[in-house]
file upload.cif (mmCIF, C-alpha atoms)
data_final
loop_
_atom_site.label_atom_id
_atom_site.label_comp_id
_atom_site.auth_asym_id
_atom_site.auth_seq_id
_atom_site.Cartn_x
_atom_site.Cartn_y
_atom_site.Cartn_z
CA MET B 1 29.50 -38.78 -27.05
CA LYS B 2 28.59 -37.72 -23.50
CA LYS B 3 26.91 -34.40 -22.76
CA LYS B 4 27.62 -32.08 -19.90
CA GLU B 5 25.21 -32.54 -17.02
CA SER B 6 23.35 -29.75 -15.25
CA ILE B 7 23.68 -28.84 -11.59
CA PHE B 8 19.88 -29.19 -11.30
CA ILE B 9 20.20 -32.97 -11.52
CA VAL B 10 22.51 -32.90 -8.50
CA ILE B 11 20.08 -30.67 -6.62
CA GLN B 12 17.20 -33.09 -7.32
CA LYS B 13 19.20 -36.11 -6.20
CA ALA B 14 20.48 -34.28 -3.11
CA LEU B 15 16.94 -33.26 -2.18
CA ILE B 16 15.66 -36.82 -2.49
CA PHE B 17 18.66 -38.12 -0.52
CA GLY B 18 18.12 -35.51 2.22
CA ILE B 19 14.42 -36.39 2.53
CA ILE B 20 15.17 -40.12 2.75
CA VAL B 21 17.91 -39.59 5.36
CA GLY B 22 15.68 -37.28 7.45
CA ILE B 23 12.72 -39.67 7.40
CA GLY B 24 14.99 -42.64 8.10
CA PHE B 25 16.55 -40.82 11.06
CA TYR B 26 13.13 -39.90 12.45
CA PHE B 27 11.89 -43.48 12.45
CA LEU B 28 15.12 -45.36 13.15
CA SER B 29 16.95 -43.15 15.67
CA ASP B 30 15.65 -45.11 18.67
CA ARG B 31 16.74 -48.42 17.14
CA LEU B 32 20.17 -47.01 16.31
CA GLY B 33 20.78 -46.16 19.96
CA LEU B 34 20.39 -42.41 19.49
CA LYS B 35 18.07 -42.07 22.46
CA THR B 36 17.47 -39.09 24.69
CA TYR B 37 15.95 -39.36 28.14
CA LYS B 38 14.23 -36.58 30.04
CA ALA B 39 14.29 -36.58 33.83
CA GLN B 40 12.40 -34.11 36.00
CA ALA B 41 12.64 -33.22 39.67
CA LYS B 42 10.05 -30.94 41.30
CA ILE B 43 10.70 -28.55 44.15
CA LEU B 44 8.15 -26.78 46.33
CA THR B 45 9.94 -23.52 47.08
CA THR B 46 8.18 -22.66 50.33
CA SER B 47 6.03 -24.20 53.00
CA ASN B 48 2.25 -24.04 52.68
CA GLU B 49 2.03 -21.53 55.54
CA LYS B 50 4.17 -19.01 53.67
CA ILE B 51 2.34 -19.19 50.34
CA LYS B 52 0.82 -15.85 49.33
CA ASP B 53 -1.23 -14.91 46.31
CA GLN B 54 0.58 -13.11 43.50
CA ASP B 55 3.94 -14.04 45.02
CA LYS B 56 6.75 -14.02 42.44
CA THR B 57 9.48 -15.50 44.65
CA THR B 58 9.56 -18.76 42.67
CA TYR B 59 10.87 -16.85 39.65
CA THR B 60 13.51 -15.25 41.87
CA TYR B 61 14.54 -18.67 43.15
CA ALA B 62 14.69 -20.05 39.61
CA GLU B 63 17.07 -17.31 38.55
CA THR B 64 19.12 -17.66 41.73
CA VAL B 65 19.79 -21.37 41.24
CA LYS B 66 20.90 -21.03 37.61
CA SER B 67 24.35 -20.00 38.85
CA ASN B 68 27.59 -21.58 37.68
CA GLU B 69 28.55 -22.30 41.30
CA ILE B 70 25.64 -24.71 41.65
CA LYS B 71 26.49 -26.30 38.31
CA LYS B 72 30.10 -26.74 39.45
CA ARG B 73 28.92 -28.44 42.65
CA VAL B 74 26.69 -30.82 40.68
CA ILE B 75 29.55 -31.67 38.31
CA GLU B 76 31.96 -32.24 41.20
CA ASN B 77 29.49 -34.27 43.30
CA LEU B 78 28.60 -36.56 40.40
CA LYS B 79 32.17 -36.59 39.00
CA LEU B 80 30.91 -35.66 35.55
CA ASP B 81 33.35 -35.01 32.73
CA ILE B 82 31.52 -31.97 31.33
CA SER B 83 31.73 -28.18 31.64
CA GLU B 84 29.13 -25.86 33.14
CA ASP B 85 28.10 -24.81 29.63
CA GLU B 86 27.52 -28.42 28.60
CA LEU B 87 25.48 -29.01 31.75
CA ASP B 88 23.51 -25.85 31.00
CA LYS B 89 22.60 -27.22 27.55
CA LYS B 90 21.24 -30.40 29.15
CA MET B 91 19.17 -28.57 31.78
CA GLN B 92 16.17 -26.32 32.04
CA ILE B 93 14.96 -24.76 35.27
CA GLN B 94 11.34 -23.77 34.98
CA ALA B 95 9.21 -21.83 37.44
CA ILE B 96 5.62 -23.01 37.00
CA PRO B 97 3.34 -19.95 36.67
CA ASN B 98 0.97 -19.22 39.56
CA THR B 99 2.58 -21.87 41.79
CA HIS B 100 5.56 -22.19 44.10
CA ILE B 101 6.97 -25.11 42.15
CA LEU B 102 10.26 -25.30 40.29
CA ASN B 103 10.82 -28.02 37.71
CA ILE B 104 14.36 -29.12 37.00
CA ASN B 105 14.41 -30.85 33.61
CA VAL B 106 17.47 -32.68 32.32
CA GLU B 107 17.91 -34.35 28.93
CA ASP B 108 20.74 -36.82 28.41
CA SER B 109 21.53 -39.87 26.31
CA VAL B 110 21.98 -41.95 29.48
CA LYS B 111 18.83 -42.44 31.56
CA LEU B 112 20.53 -42.83 34.94
CA ARG B 113 22.79 -39.82 34.37
CA ALA B 114 19.78 -37.64 33.50
CA GLU B 115 18.07 -38.75 36.72
CA ASP B 116 21.20 -38.25 38.81
CA ILE B 117 21.80 -34.74 37.47
CA ALA B 118 18.17 -33.71 38.05
CA ASP B 119 18.11 -35.11 41.59
CA GLU B 120 21.51 -33.70 42.58
CA TYR B 121 20.60 -30.29 41.18
CA ALA B 122 17.32 -30.43 43.11
CA GLU B 123 19.13 -31.32 46.37
CA ILE B 124 21.57 -28.45 45.99
CA THR B 125 18.81 -26.08 44.90
CA VAL B 126 16.75 -26.82 48.02
CA SER B 127 19.83 -26.29 50.17
CA VAL B 128 20.64 -22.94 48.53
CA ILE B 129 17.04 -21.65 48.65
CA ASN B 130 16.69 -22.60 52.31
CA GLN B 131 20.06 -21.12 53.21
CA LEU B 132 19.60 -17.82 51.36
CA TYR B 133 15.88 -17.22 51.84
CA GLN B 134 14.88 -19.39 54.85
CA ALA B 135 12.08 -20.65 52.62
CA ASN B 136 11.51 -24.23 53.86
CA ALA B 137 11.84 -25.53 50.29
CA LEU B 138 11.64 -29.27 49.72
CA ILE B 139 11.78 -31.80 46.90
CA ILE B 140 8.28 -33.07 46.14
CA ASP B 141 9.18 -35.35 43.23
CA HIS B 142 12.54 -37.00 42.54
CA ALA B 143 13.64 -37.77 39.01
CA TYR B 144 14.86 -41.26 39.84
CA PRO B 145 13.50 -43.69 38.51
CA ASN B 146 11.03 -41.71 36.40
CA ALA B 147 13.07 -40.57 33.40
CA ALA B 148 11.22 -41.02 30.13
CA LEU B 149 12.43 -41.63 26.60
CA VAL B 150 12.05 -38.53 24.43
CA LYS B 151 10.89 -39.22 20.88
CA THR B 152 13.10 -37.81 18.15
CA SER B 153 11.63 -34.49 17.15
CA GLN B 154 10.78 -33.42 13.64
CA LYS B 155 13.23 -30.57 14.11
CA ASP B 156 16.11 -33.00 14.73
CA ALA B 157 15.07 -35.11 11.73
CA MET B 158 15.01 -31.97 9.56
CA LYS B 159 18.53 -31.05 10.70
CA VAL B 160 19.82 -34.53 9.79
CA GLY B 161 17.97 -34.38 6.46
CA LEU B 162 19.50 -30.97 5.72
CA ALA B 163 22.95 -32.33 6.57
CA GLY B 164 22.30 -35.24 4.18
CA PHE B 165 21.20 -32.82 1.46
CA LEU B 166 24.28 -30.62 1.88
CA THR B 167 26.65 -33.58 1.96
CA TYR B 168 25.19 -35.09 -1.19
CA PHE B 169 25.10 -31.68 -2.89
CA ILE B 170 28.76 -30.94 -2.14
CA PHE B 171 30.07 -34.34 -3.23
CA GLY B 172 27.63 -34.53 -6.15
CA SER B 173 28.70 -31.09 -7.37
CA LEU B 174 32.34 -32.09 -7.12
CA MET B 175 31.72 -35.29 -9.11
CA LEU B 176 29.66 -33.32 -11.67
CA PHE B 177 32.52 -30.86 -12.08
CA ILE B 178 35.00 -33.73 -12.64
CA ARG B 179 32.70 -35.47 -15.17
CA ASN B 180 32.01 -32.24 -17.06
CA SER B 181 35.77 -31.49 -17.16
CA LYS B 182 36.42 -34.91 -18.75
CA VAL B 183 33.66 -34.31 -21.31
CA GLU B 184 35.31 -30.98 -22.25
CA GLU B 185 38.71 -32.67 -22.60
CA ASN B 186 37.29 -35.35 -24.90
CA GLU B 187 35.70 -32.75 -27.13
#
call {"tool": "encode", "arguments": {"input": "upload.cif", "output": "structure tokens"}}
result
Amino acid sequence: MKKKESIFIVIQKALIFGIIVGIGFYFLSDRLGLKTYKAQAKILTTSNEKIKDQDKTTYTYAETVKSNEIKKRVIENLKLDISEDELDKKMQIQAIPNTHILNINVEDSVKLRAEDIADEYAEITVSVINQLYQANALIIDHAYPNAALVKTSQKDAMKVGLAGFLTYFIFGSLMLFIRNSKVEENE
């Protein structure tokens, strides 16, 4: 005669499954084609003659060029099939402290697309800064062909492991419920 099983057995199995899936994802994601590339373009926001100590204009420029209009122009110019919000998730505009340098960082699963987005955004950014502020900004480092492969982070592996745990727990609990119902019927 079979006994009813406890939910704790399902939790143990789900935990082990989640750990195995998370570790497997961490080490195998590159081989499975789940790659992410990071491309970076650098902009000098003003000419050397205009650089002043304690000048915070680079932060102003960084906030200025985060506009949706610039994102729309990048999407149109590159004929991308994404929204401004999706582009925003791929990008980070960073003003380097105590410098007049802006970094435009883009992460994408396609190396060339990451480089193209970073370079196009840098071109438009320089144009906007020079037009609005007469700043003599220029690109000092293009992203192409310097995009680098980003290693899968522990955070991503933990998310996948948690998803594995929850999936196993839900299906395991359902199967446990069905088995325990059959045991009750047989009794």
call {"tool": "resolve_selection", "arguments": {"input": "upload.cif", "expression": "the PyMOL selection byres ((chain B and resi 126-139) around 12)", "output": "ChimeraX atom specification"}}
result
/B:40-51,57-67,69-70,73,100-104,118-125,140-143
call {"tool": "resolve_selection", "arguments": {"input": "upload.cif", "expression": "the PyMOL selection byres ((chain B and resi 157) around 12)", "output": "list in words"}}
result
Gly18, Ile19, Ile20, Val21, Gly22, Ile23, Gly24, Phe25, Tyr26, Phe27, Leu28, Ser29, Leu34, Lys151, Thr152, Ser153, Gln154, Lys155, Asp156, Met158, Lys159, Val160, Gly161, Leu162, Ala163 and Gly164 of chain B
call {"tool": "atom_distance", "arguments": {"input": "upload.cif", "atom1": "atom CA of B:Glu107", "atom2": "atom CA of B:Leu166"}}
result
28.0 Å
call {"tool": "atom_distance", "arguments": {"input": "upload.cif", "atom1": "atom CA of B:Asn68", "atom2": "atom CA of B:Tyr144"}}
result
23.5 Å
call {"tool": "residues_around", "arguments": {"input": "upload.cif", "residues": "B:Asp85", "least_positions_apart": "2", "cutoff": "12 Å", "atoms": "only C-alpha atoms", "output": "ChimeraX atom specification"}}
result
/B:66-69,71-72,75,81-83,87-91
call {"tool": "closest_residue", "arguments": {"input": "upload.cif", "among": "B:Leu80, B:Ala147, B:Ile170, B:Ala114", "to": "B:Lys13", "atoms": "all atoms listed in the file"}}
result
B:Ile170
call {"tool": "closest_residue", "arguments": {"input": "upload.cif", "among": "B:Phe17, B:Tyr168, B:Phe8, B:Tyr37", "to": "B:Asn105", "atoms": "all atoms listed in the file"}}
result
B:Tyr37
call {"tool": "atom_distance", "arguments": {"input": "upload.cif", "atom1": "atom CA of B:Leu149", "atom2": "atom CA of B:Lys38"}}
result
6.4 Å
call {"tool": "resolve_selection", "arguments": {"input": "upload.cif", "expression": "the PyMOL selection byres ((chain B and resi 3) around 12)", "output": "compact mmCIF listing (two decimals) with C-alpha atoms, in the coordinates of the input"}}
result
# COMPACT_ATOMS: atom_id res chain seq x y z
CA MET B 1 29.50 -38.78 -27.05
CA LYS B 2 28.59 -37.72 -23.50
CA LYS B 4 27.62 -32.08 -19.90
CA GLU B 5 25.21 -32.54 -17.02
CA SER B 6 23.35 -29.75 -15.25
CA LEU B 176 29.66 -33.32 -11.67
CA ARG B 179 32.70 -35.47 -15.17
CA ASN B 180 32.01 -32.24 -17.06
CA SER B 181 35.77 -31.49 -17.16
CA LYS B 182 36.42 -34.91 -18.75
CA VAL B 183 33.66 -34.31 -21.31
CA GLU B 184 35.31 -30.98 -22.25
CA GLU B 185 38.71 -32.67 -22.60
CA ASN B 186 37.29 -35.35 -24.90
CA GLU B 187 35.70 -32.75 -27.13
call {"tool": "axis_aligned_box", "arguments": {"input": "upload.cif", "around": "stretch 95-112 of chain B", "padding_each_side": "3 Å", "output": "AutoDock Vina command-line options"}}
result
--center_x 11.5 --center_y -31.0 --center_z 35.2 --size_x 27.0 --size_y 29.6 --size_z 23.8
